[in-house]
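Heads up, run.tsv below (TSV, C-alpha atoms):
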```tsv
chain	number	residue	atom	x	y	z
V	1038	MET	CA	178.84	-46.14	147.48
V	1039	PRO	CA	177.94	-48.81	150.08
V	1040	ALA	CA	180.89	-50.94	148.93
V	1041	LEU	CA	183.17	-48.45	150.66
V	1042	ILE	CA	181.46	-48.72	154.05
V	1043	PRO	CA	183.79	-51.46	155.39
V	1044	PHE	CA	186.79	-49.26	154.50
V	1045	PHE	CA	185.32	-46.25	156.32
V	1046	GLN	CA	184.50	-48.48	159.31
V	1047	TRP	CA	188.05	-49.77	159.34
V	1048	CYS	CA	189.36	-46.16	159.29
V	1049	ASP	CA	187.01	-45.24	162.09
V	1050	ASN	CA	188.34	-48.12	164.20
V	1051	THR	CA	192.06	-47.58	163.70
V	1052	MET	CA	194.25	-46.93	166.74
V	1053	ILE	CA	194.94	-43.39	165.52
V	1054	ALA	CA	191.23	-42.63	165.16
V	1055	LYS	CA	190.55	-43.89	168.67
V	1056	ALA	CA	193.50	-41.98	170.10
V	1057	ILE	CA	192.30	-38.70	168.54
V	1058	ARG	CA	188.76	-39.25	169.82
V	1059	SER	CA	190.00	-40.08	173.30
V	1060	TRP	CA	191.56	-36.65	173.82
V	1061	GLN	CA	189.10	-33.81	173.34
V	1062	MET	CA	191.77	-31.26	172.45
V	1063	ALA	CA	193.32	-33.38	169.68
V	1064	PHE	CA	190.80	-32.55	166.95
V	1065	PRO	CA	190.89	-28.74	167.43
V	1066	ILE	CA	194.70	-28.74	167.58
V	1067	ILE	CA	195.03	-30.79	164.38
V	1068	GLU	CA	192.42	-28.61	162.68
V	1069	ASN	CA	194.35	-25.47	163.59
V	1070	PHE	CA	197.43	-26.89	161.82
V	1071	HIS	CA	195.18	-27.79	158.89
V	1072	LEU	CA	194.01	-24.16	158.70
V	1073	LEU	CA	197.50	-22.63	159.07
V	1074	ALA	CA	198.78	-24.85	156.26
V	1075	LEU	CA	195.77	-23.85	154.13
V	1076	THR	CA	196.84	-20.23	154.46
V	1077	VAL	CA	200.31	-21.10	153.14
V	1078	LEU	CA	199.06	-23.43	150.40
V	1079	LEU	CA	196.38	-21.13	148.97
V	1080	GLY	CA	198.50	-18.03	149.62
V	1081	SER	CA	201.44	-19.32	147.58
V	1082	LEU	CA	199.04	-20.38	144.83
V	1083	VAL	CA	197.36	-16.94	144.76
V	1084	VAL	CA	200.75	-15.23	144.36
V	1085	LEU	CA	201.69	-17.52	141.47
V	1086	VAL	CA	198.31	-17.06	139.77
V	1087	LEU	CA	198.57	-13.27	140.12
V	1088	ARG	CA	202.00	-13.53	138.47
V	1089	GLN	CA	200.63	-15.62	135.60
V	1090	PHE	CA	197.93	-13.04	135.03
V	1091	GLY	CA	200.66	-10.40	134.84
V	1092	LEU	CA	199.32	-8.49	137.85
V	1093	ILE	CA	202.47	-8.69	140.01
V	1094	TYR	CA	206.22	-9.39	139.73
V	1095	LYS	CA	206.34	-8.83	135.97
V	1096	ALA	CA	210.12	-8.35	136.15
V	1097	GLN	CA	210.54	-11.99	137.23
V	1098	PRO	CA	210.07	-14.84	134.76
V	1099	ILE	CA	207.16	-17.10	135.78
V	1100	TRP	CA	209.39	-20.09	136.57
V	1101	GLU	CA	211.41	-17.95	138.99
V	1102	VAL	CA	208.32	-17.07	141.06
V	1103	ALA	CA	207.17	-20.71	140.89
V	1104	THR	CA	210.59	-21.95	142.04
V	1105	ALA	CA	210.68	-19.51	144.97
V	1106	LEU	CA	207.25	-20.66	146.15
V	1107	ARG	CA	207.54	-24.38	145.40
V	1108	PRO	CA	209.00	-25.53	148.75
V	1109	TRP	CA	206.26	-23.61	150.59
V	1110	ASN	CA	203.60	-25.09	148.33
V	1111	HIS	CA	204.97	-28.62	148.88
V	1112	TRP	CA	205.42	-28.61	152.63
V	1113	SER	CA	202.06	-26.93	153.23
V	1114	LEU	CA	200.45	-29.57	151.00
V	1115	ALA	CA	202.18	-32.27	153.05
V	1116	VAL	CA	200.88	-30.75	156.31
V	1117	MET	CA	197.37	-30.43	154.81
V	1118	LEU	CA	197.27	-34.06	153.65
V	1119	THR	CA	198.67	-35.39	156.93
V	1120	SER	CA	196.44	-33.32	159.22
V	1121	GLY	CA	193.47	-33.89	156.89
V	1122	THR	CA	193.99	-37.67	157.02
V	1123	LEU	CA	194.09	-37.57	160.82
V	1124	LEU	CA	190.90	-35.47	160.99
V	1125	PHE	CA	189.23	-37.84	158.56
V	1126	LEU	CA	190.22	-41.00	160.46
V	1127	SER	CA	188.80	-39.61	163.69
V	1128	GLU	CA	185.36	-39.20	162.16
V	1129	ALA	CA	185.43	-41.46	159.12
V	1130	MET	CA	181.86	-42.74	159.52
V	1131	LYS	CA	180.50	-39.19	159.84
V	1132	CYS	CA	182.39	-38.27	156.67
V	1133	TYR	CA	180.89	-41.20	154.78
V	1134	ASP	CA	177.40	-39.72	155.14
V	1135	ASN	CA	178.56	-36.17	154.49
V	1136	THR	CA	177.87	-34.88	150.97
V	1137	SER	CA	180.31	-31.98	151.36
V	1138	PHE	CA	183.06	-34.46	152.22
V	1139	ARG	CA	182.44	-36.37	148.99
V	1140	VAL	CA	182.46	-33.12	147.00
V	1141	LYS	CA	185.69	-32.13	148.73
V	1142	MET	CA	187.39	-35.44	147.88
V	1143	LEU	CA	186.34	-35.02	144.26
V	1144	PHE	CA	187.78	-31.49	144.16
V	1145	LEU	CA	190.95	-32.66	145.93
V	1146	PHE	CA	191.47	-35.47	143.44
V	1147	LEU	CA	190.96	-33.11	140.49
V	1148	ALA	CA	193.12	-30.37	142.01
V	1149	LEU	CA	196.05	-32.74	142.66
V	1150	LEU	CA	195.71	-34.38	139.26
V	1151	PHE	CA	195.53	-31.04	137.48
V	1152	GLN	CA	198.41	-29.52	139.41
V	1153	PHE	CA	200.86	-32.37	138.91
V	1154	THR	CA	200.00	-33.12	135.29
V	1155	ILE	CA	199.16	-29.81	133.62
V	1156	TYR	CA	199.50	-26.82	135.93
V	1157	ASN	CA	203.10	-27.39	137.05
V	1158	ARG	CA	204.18	-27.44	133.39
V	1159	THR	CA	202.58	-24.07	132.71
V	1160	VAL	CA	204.52	-22.43	135.55
V	1161	ALA	CA	207.84	-23.86	134.35
V	1162	SER	CA	207.88	-21.45	131.42
V	1163	GLN	CA	210.72	-19.04	130.79
V	1164	ASP	CA	208.19	-16.48	129.55
V	1165	LYS	CA	207.65	-13.12	131.11
V	1166	VAL	CA	204.11	-13.06	129.74
V	1167	ALA	CA	202.01	-16.19	130.24
V	1168	PRO	CA	200.33	-17.53	127.08
V	1169	ILE	CA	196.54	-17.76	127.16
V	1170	GLY	CA	196.78	-21.48	127.98
V	1171	GLY	CA	198.85	-20.69	131.05
V	1172	LYS	CA	196.31	-18.14	132.23
V	1173	VAL	CA	193.45	-20.60	131.77
V	1174	ALA	CA	195.39	-23.25	133.67
V	1175	ALA	CA	196.03	-20.73	136.47
V	1176	ALA	CA	192.32	-19.92	136.73
V	1177	VAL	CA	191.39	-23.62	136.73
V	1178	ALA	CA	193.96	-24.44	139.44
V	1179	LEU	CA	192.71	-21.54	141.55
V	1180	CYS	CA	189.06	-22.64	141.22
V	1181	LEU	CA	189.87	-26.28	142.00
V	1182	TRP	CA	191.91	-25.48	145.13
V	1183	PHE	CA	189.39	-22.93	146.41
V	1184	GLY	CA	186.72	-25.54	145.68
V	1185	VAL	CA	188.59	-27.92	148.01
V	1186	GLY	CA	188.67	-25.23	150.70
V	1187	LEU	CA	185.04	-24.25	150.31
V	1188	ALA	CA	183.76	-27.84	150.33
V	1189	GLY	CA	185.99	-28.47	153.35
V	1190	ARG	CA	184.40	-25.61	155.26
V	1191	ALA	CA	180.98	-26.88	154.18
V	1192	ILE	CA	181.61	-30.26	155.86
V	1193	GLY	CA	180.94	-28.58	159.19
V	1194	PHE	CA	178.14	-26.30	158.04
V	1195	LEU	CA	176.03	-28.27	155.60
V	1196	GLY	CA	176.71	-31.94	156.19
C	939	MET	CA	176.19	0.77	179.84
C	940	SER	CA	178.76	-2.00	180.17
C	941	ILE	CA	180.66	-3.38	177.20
C	942	LEU	CA	178.88	-6.69	177.63
C	943	SER	CA	175.44	-5.07	177.45
C	944	MET	CA	176.50	-3.13	174.36
C	945	CYS	CA	177.61	-6.42	172.80
C	946	GLN	CA	174.28	-7.97	173.75
C	947	TRP	CA	172.45	-5.03	172.16
C	948	LEU	CA	174.52	-5.37	168.97
C	949	GLN	CA	173.87	-9.10	168.79
C	950	ASP	CA	170.12	-8.49	169.23
C	951	THR	CA	169.81	-5.89	166.45
C	952	ASP	CA	167.83	-6.96	163.39
C	953	ILE	CA	170.97	-7.39	161.32
C	954	GLY	CA	172.71	-9.42	164.04
C	955	THR	CA	169.72	-11.67	164.56
C	956	SER	CA	169.05	-12.25	160.87
C	957	ILE	CA	172.68	-13.17	160.12
C	958	ARG	CA	172.81	-15.54	163.09
C	959	GLU	CA	169.56	-17.25	162.25
C	960	SER	CA	170.01	-17.47	158.48
C	961	VAL	CA	170.72	-20.80	156.85
C	962	TRP	CA	173.03	-19.41	154.18
C	963	ILE	CA	174.27	-15.93	155.10
C	964	PHE	CA	176.32	-16.98	158.12
C	965	PRO	CA	178.09	-19.89	156.37
C	966	ILE	CA	178.81	-17.68	153.34
C	967	ILE	CA	180.30	-14.88	155.46
C	968	GLU	CA	182.28	-17.37	157.55
C	969	SER	CA	183.63	-19.25	154.53
C	970	THR	CA	184.64	-15.98	152.88
C	971	HIS	CA	186.40	-14.99	156.10
C	972	VAL	CA	188.35	-18.26	156.14
C	973	LEU	CA	189.27	-18.44	152.46
C	974	ALA	CA	190.30	-14.76	152.33
C	975	LEU	CA	193.07	-15.79	154.73
C	976	SER	CA	194.99	-16.86	151.66
C	977	ILE	CA	194.91	-13.38	150.12
C	978	SER	CA	195.61	-11.58	153.38
C	979	VAL	CA	197.96	-13.66	155.52
C	980	GLY	CA	199.00	-15.88	152.60
C	981	LEU	CA	200.36	-12.88	150.68
C	982	LEU	CA	201.77	-11.35	153.83
C	983	LEU	CA	203.78	-14.56	154.23
C	984	VAL	CA	205.49	-13.99	150.88
C	985	SER	CA	206.55	-10.43	151.70
C	986	ASP	CA	207.62	-11.46	155.21
C	987	LEU	CA	209.72	-14.30	153.78
C	988	ARG	CA	211.49	-11.80	151.53
C	989	LEU	CA	212.08	-9.55	154.55
C	990	MET	CA	213.58	-12.52	156.40
C	991	GLY	CA	215.86	-13.19	153.45
C	992	TYR	CA	214.41	-16.62	152.62
C	993	ILE	CA	212.85	-16.19	149.18
C	994	MET	CA	213.24	-13.99	146.07
C	995	LYS	CA	216.55	-12.76	147.49
C	996	ARG	CA	217.76	-11.47	144.11
C	997	ARG	CA	214.79	-9.13	143.85
C	998	PRO	CA	214.59	-5.73	145.57
C	999	VAL	CA	212.64	-5.87	148.83
C	1000	SER	CA	210.51	-2.88	147.82
C	1001	GLU	CA	209.51	-4.62	144.56
C	1002	VAL	CA	208.40	-7.81	146.33
C	1003	TYR	CA	206.58	-5.84	149.03
C	1004	GLU	CA	204.99	-2.96	147.11
C	1005	GLN	CA	203.56	-5.05	144.28
C	1006	ILE	CA	201.87	-7.47	146.59
C	1007	LYS	CA	200.60	-4.77	148.96
C	1008	PRO	CA	197.38	-3.70	147.17
C	1009	TRP	CA	196.30	-7.36	146.95
C	1010	MET	CA	197.19	-7.94	150.55
C	1011	PHE	CA	195.12	-4.93	151.59
C	1012	THR	CA	192.22	-6.22	149.49
C	1013	GLY	CA	192.49	-9.47	151.43
C	1014	PHE	CA	192.65	-7.70	154.79
C	1015	SER	CA	189.64	-5.53	153.83
C	1016	ILE	CA	187.59	-8.66	153.09
C	1017	MET	CA	188.74	-10.10	156.42
C	1018	THR	CA	187.76	-6.94	158.29
C	1019	ILE	CA	184.32	-6.57	156.71
C	1020	THR	CA	183.37	-10.24	157.10
C	1021	GLY	CA	184.92	-10.25	160.58
C	1022	ILE	CA	182.76	-7.28	161.65
C	1023	PHE	CA	179.59	-9.09	160.53
C	1024	LEU	CA	180.65	-12.30	162.27
C	1025	PHE	CA	181.22	-10.33	165.47
C	1026	TRP	CA	177.98	-8.40	165.03
C	1027	CYS	CA	175.79	-11.50	165.08
C	1028	GLN	CA	177.46	-13.08	168.13
C	1029	ALA	CA	178.98	-10.12	169.94
C	1030	ALA	CA	178.07	-11.08	173.50
C	1031	LYS	CA	179.22	-14.66	173.03
C	1032	ALA	CA	182.47	-13.40	171.50
C	1033	TYR	CA	182.97	-10.95	174.34
C	1034	ASN	CA	182.86	-13.83	176.81
C	1035	SER	CA	185.42	-15.83	174.84
C	1036	ILE	CA	189.02	-15.69	176.02
C	1037	PHE	CA	190.13	-16.57	172.49
C	1038	PHE	CA	188.28	-13.57	171.05
C	1039	LYS	CA	189.81	-11.18	173.58
C	1040	THR	CA	193.27	-12.58	172.89
C	1041	LYS	CA	192.64	-12.27	169.17
C	1042	VAL	CA	191.69	-8.60	169.46
C	1043	ILE	CA	194.79	-7.82	171.53
C	1044	LEU	CA	197.02	-9.67	169.05
C	1045	LEU	CA	195.39	-7.81	166.13
C	1046	ILE	CA	196.26	-4.51	167.79
C	1047	VAL	CA	199.84	-5.67	168.41
C	1048	ALA	CA	200.11	-6.81	164.76
C	1049	ALA	CA	198.86	-3.41	163.58
C	1050	PHE	CA	201.45	-1.61	165.72
C	1051	ASN	CA	204.15	-3.95	164.43
C	1052	ALA	CA	203.19	-3.10	160.82
C	1053	ILE	CA	203.12	0.65	161.54
C	1054	ALA	CA	206.46	0.48	163.36
C	1055	PHE	CA	207.97	-1.31	160.38
C	1056	GLU	CA	206.58	1.17	157.81
C	1057	ARG	CA	207.59	4.22	159.84
C	1058	GLY	CA	210.88	2.76	160.99
C	1059	ILE	CA	213.34	0.64	159.06
C	1060	TYR	CA	211.26	0.58	155.84
C	1061	ARG	CA	211.67	4.36	155.41
C	1062	LYS	CA	215.34	3.70	154.77
C	1063	VAL	CA	214.68	0.78	152.39
C	1064	ASP	CA	216.75	2.53	149.68
C	1065	LYS	CA	219.84	1.63	151.69
C	1066	TRP	CA	219.07	-2.12	151.92
C	1067	ASP	CA	216.67	-2.74	149.03
C	1068	ASN	CA	219.02	-5.18	147.31
C	1069	ALA	CA	220.33	-6.87	150.46
C	1070	LEU	CA	220.04	-10.66	150.22
C	1071	VAL	CA	219.28	-10.65	153.93
C	1072	PRO	CA	217.63	-7.42	155.16
C	1073	PRO	CA	218.77	-5.75	158.40
C	1074	MET	CA	217.91	-7.21	161.79
C	1075	GLU	CA	215.11	-4.70	162.48
C	1076	ALA	CA	213.27	-5.73	159.30
C	1077	ARG	CA	213.75	-9.44	160.00
C	1078	VAL	CA	212.43	-9.07	163.54
C	1079	ALA	CA	209.34	-7.23	162.24
C	1080	ALA	CA	208.75	-10.01	159.69
C	1081	TRP	CA	209.12	-12.76	162.30
C	1082	ALA	CA	206.84	-10.91	164.70
C	1083	SER	CA	204.27	-10.48	161.94
C	1084	LEU	CA	204.20	-14.19	161.09
C	1085	VAL	CA	204.11	-15.38	164.70
C	1086	LEU	CA	201.34	-12.89	165.52
C	1087	TRP	CA	199.24	-13.88	162.52
C	1088	ALA	CA	199.64	-17.60	163.21
C	1089	ALA	CA	198.43	-16.90	166.75
C	1090	ILE	CA	195.53	-14.74	165.47
C	1091	ILE	CA	194.40	-17.53	163.12
C	1092	THR	CA	194.65	-20.07	165.94
C	1093	CYS	CA	192.61	-17.85	168.28
C	1094	GLY	CA	190.01	-17.28	165.56
C	1095	ARG	CA	189.60	-20.98	164.87
C	1096	SER	CA	189.60	-21.88	168.55
C	1097	MET	CA	186.94	-19.33	169.49
C	1098	ALA	CA	184.56	-20.96	167.01
C	1099	TYR	CA	184.84	-24.21	168.98
C	1100	THR	CA	183.90	-22.51	172.20
C	1101	LEU	CA	181.05	-20.22	171.05
C	1102	ASP	CA	178.10	-22.57	170.86
```

Turn the structure described in the file into structure tokens.
Amino acid sequence: MPALIPFFQWCDNTMIAKAIRSWQMAFPIIENFHLLALTVLLGSLVVLVLRQFGLIYKAQPIWEVATALRPWNHWSLAVMLTSGTLLFLSEAMKCYDNTSFRVKMLFLFLALLFQFTIYNRTVASQDKVAPIGGKVAAAVALCLWFGVGLAGRAIGFLG
Amino acid sequence: MSILSMCQWLQDTDIGTSIRESVWIFPIIESTHVLALSISVGLLLVSDLRLMGYIMKRRPVSEVYEQIKPWMFTGFSIMTITGIFLFWCQAAKAYNSIFFKTKVILLIVAAFNAIAFERGIYRKVDKWDNALVPPMEARVAAWASLVLWAAIITCGRSMAYTLD
């Protein structure tokens, strides 16, 4: 998508990008926050998915587990998006040529879209046993978010 | 034989060398190690938050903790196995890393913290199972656990920057 090159160049030249590049420790520190937030984000999702599959916390209705975890899911997502944006800005041009980065952005787009349109509705249910649709949605959400994580890790390994 | 030369020997074994030099095996093991964080430390977070009295307060502590425990242990087993292989293929380099040494010490402290919790206040959980906010000893163990694991993750990530 060569049409996007000027945008990536602009990102690469922002003040923030230059500031991060100018201090060697900045990138590792931001990436550590990115990783800690990943633990919280995927961890809270795994718990909810296990609940939807009826493997844990069967005494609690699904919405109750979802409500307990929601703040943790939201703030960790906010930290991930913020730290991820900073990491991206600091090496925007490298990301442009990186296939794993493109795959990750696709997964991220699908994961966010799926979560906020379909998945969040399935976890709002009063049921103690998730219907088959809810279980499918849980599996899809899990695959999409782990896809984001896996593609993210691949940015460094595969290019 | 010094520890360093043992590490060097381990790193130079056939298994160590082939993992290190493989195009796919190393990234697969490393990615598994990272993503399994969510089923080890991610689930630990949920039980620790209950122990701190922040979430699922209306549910018995033992219910929140016991049901999640087998999954958590599955996660920690994956972490241990993949971690051993990651160490195996770069043992000498890891041995020279301050982050790796710190990580190992923190892992031992975290293990003692977990054992102290299980053998200590958790034995009397019947008395505080329904407490909205568990007793101080349990909350301290939960805080210690989260702080230690955040530090362990940070050391793990940081050592990767300094290995090559």

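Interatomic distance, CA of Ala1054 (chain V) to CA of Glu1068 (chain V): 14.3 Å.
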
Check: which chain C residues lie within 6 Å of chain V using all atoms listed in the file, as a PDB file with C-alpha atoms, in the frame of the given file:
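Written out: part06.pdb:
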```pdb
ATOM      1  CA  LEU C 975     193.070 -15.790 154.730  1.00  0.00           C
ATOM      2  CA  SER C 976     194.990 -16.860 151.660  1.00  0.00           C
ATOM      3  CA  ILE C 977     194.910 -13.380 150.120  1.00  0.00           C
ATOM      4  CA  GLY C 980     199.000 -15.880 152.600  1.00  0.00           C
ATOM      5  CA  LEU C 981     200.360 -12.880 150.680  1.00  0.00           C
ATOM      6  CA  ILE C 993     212.850 -16.190 149.180  1.00  0.00           C
ATOM      7  CA  GLN C1005     203.560  -5.050 144.280  1.00  0.00           C
ATOM      8  CA  THR C1092     194.650 -20.070 165.940  1.00  0.00           C
TER       9      THR C1092
END
```

### Nearby residues (all atoms listed in the file) at most 9 Å from Ile953 (chain C), same-chain spacing under 3 positions excluded, as a PyMOL selection string
chain C and resi 948-950+956-958+1023+1026-1027

Excluding region 1135-1145 of chain V and its own-chain neighbours fewer than 3 positions away, which residues fall within 7 Å of it when counting only C-alpha atoms? Please give them as an mmCIF file with C-alpha atoms, in the coordinates of the input.
```cif
data_model
loop_
_atom_site.group_PDB
_atom_site.id
_atom_site.type_symbol
_atom_site.label_atom_id
_atom_site.label_comp_id
_atom_site.auth_asym_id
_atom_site.auth_seq_id
_atom_site.Cartn_x
_atom_site.Cartn_y
_atom_site.Cartn_z
ATOM 1 C CA LYS V 1131 180.500 -39.190 159.840
ATOM 2 C CA CYS V 1132 182.390 -38.270 156.670
ATOM 3 C CA ALA V 1148 193.120 -30.370 142.010
ATOM 4 C CA LEU V 1149 196.050 -32.740 142.660
ATOM 5 C CA LEU V 1181 189.870 -26.280 142.000
ATOM 6 C CA GLY V 1184 186.720 -25.540 145.680
ATOM 7 C CA VAL V 1185 188.590 -27.920 148.010
ATOM 8 C CA ALA V 1188 183.760 -27.840 150.330
ATOM 9 C CA GLY V 1189 185.990 -28.470 153.350
ATOM 10 C CA ALA V 1191 180.980 -26.880 154.180
ATOM 11 C CA ILE V 1192 181.610 -30.260 155.860
ATOM 12 C CA GLY V 1196 176.710 -31.940 156.190
#
```

### Task
Grab the CA of Tyr1133 (chain V) to CA of Ile1042 (chain V) distance for me, in Å with one decimal place.
7.6 Å

Pull the neighbourhood of (189.2, -5.7, 159.3) for me: all residues within 12 Å in file coordinates, counting all atoms listed in the file, as an mmCIF file with C-alpha atoms, in the frame of the given file.
```cif
data_model
loop_
_atom_site.group_PDB
_atom_site.id
_atom_site.type_symbol
_atom_site.label_atom_id
_atom_site.label_comp_id
_atom_site.auth_asym_id
_atom_site.auth_seq_id
_atom_site.Cartn_x
_atom_site.Cartn_y
_atom_site.Cartn_z
ATOM 1 C CA HIS C 971 186.400 -14.990 156.100
ATOM 2 C CA ALA C 974 190.300 -14.760 152.330
ATOM 3 C CA LEU C 975 193.070 -15.790 154.730
ATOM 4 C CA SER C 978 195.610 -11.580 153.380
ATOM 5 C CA PHE C 1011 195.120 -4.930 151.590
ATOM 6 C CA THR C 1012 192.220 -6.220 149.490
ATOM 7 C CA GLY C 1013 192.490 -9.470 151.430
ATOM 8 C CA PHE C 1014 192.650 -7.700 154.790
ATOM 9 C CA SER C 1015 189.640 -5.530 153.830
ATOM 10 C CA ILE C 1016 187.590 -8.660 153.090
ATOM 11 C CA MET C 1017 188.740 -10.100 156.420
ATOM 12 C CA THR C 1018 187.760 -6.940 158.290
ATOM 13 C CA ILE C 1019 184.320 -6.570 156.710
ATOM 14 C CA THR C 1020 183.370 -10.240 157.100
ATOM 15 C CA GLY C 1021 184.920 -10.250 160.580
ATOM 16 C CA ILE C 1022 182.760 -7.280 161.650
ATOM 17 C CA PHE C 1023 179.590 -9.090 160.530
ATOM 18 C CA LEU C 1024 180.650 -12.300 162.270
ATOM 19 C CA PHE C 1025 181.220 -10.330 165.470
ATOM 20 C CA VAL C 1042 191.690 -8.600 169.460
ATOM 21 C CA LEU C 1045 195.390 -7.810 166.130
ATOM 22 C CA ILE C 1046 196.260 -4.510 167.790
ATOM 23 C CA ALA C 1049 198.860 -3.410 163.580
#
```

### Message
Please compute the CA of Phe1045 (chain V)-CA of Phe1151 (chain V) distance, one decimal, in Å.
### Response
26.3 Å

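The environment of region 1172-1180 of chain V within 7 Å, counting all atoms listed in the file and disregarding residues fewer than 2 places along the same chain, consists of Val1086, Gln1089, Phe1090, Ala1148, Gln1152, Tyr1156, Ala1167, Pro1168, Ile1169, Gly1170, Trp1182, Phe1183 and Gly1184 of chain V.
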
#### Entry: Ref. answer, residues at most 10 Å from (208.7, -7.2, 166.2) with only C-alpha atoms, as a VMD selection string
chain C and resid 1047 to 1048 1050 to 1052 1054 to 1055 1075 to 1086

Once you add 5 Å to each side, what are the centre and edge lengths of the axis-aligned box holding all listed atoms of region 1040-1049 of chain C? One decimal in Å, as lines of an AutoDock Vina configuration file, if you can.
```
center_x = 195.9
center_y = -8.0
center_z = 168.2
size_x = 18.4
size_y = 19.2
size_z = 19.3
```
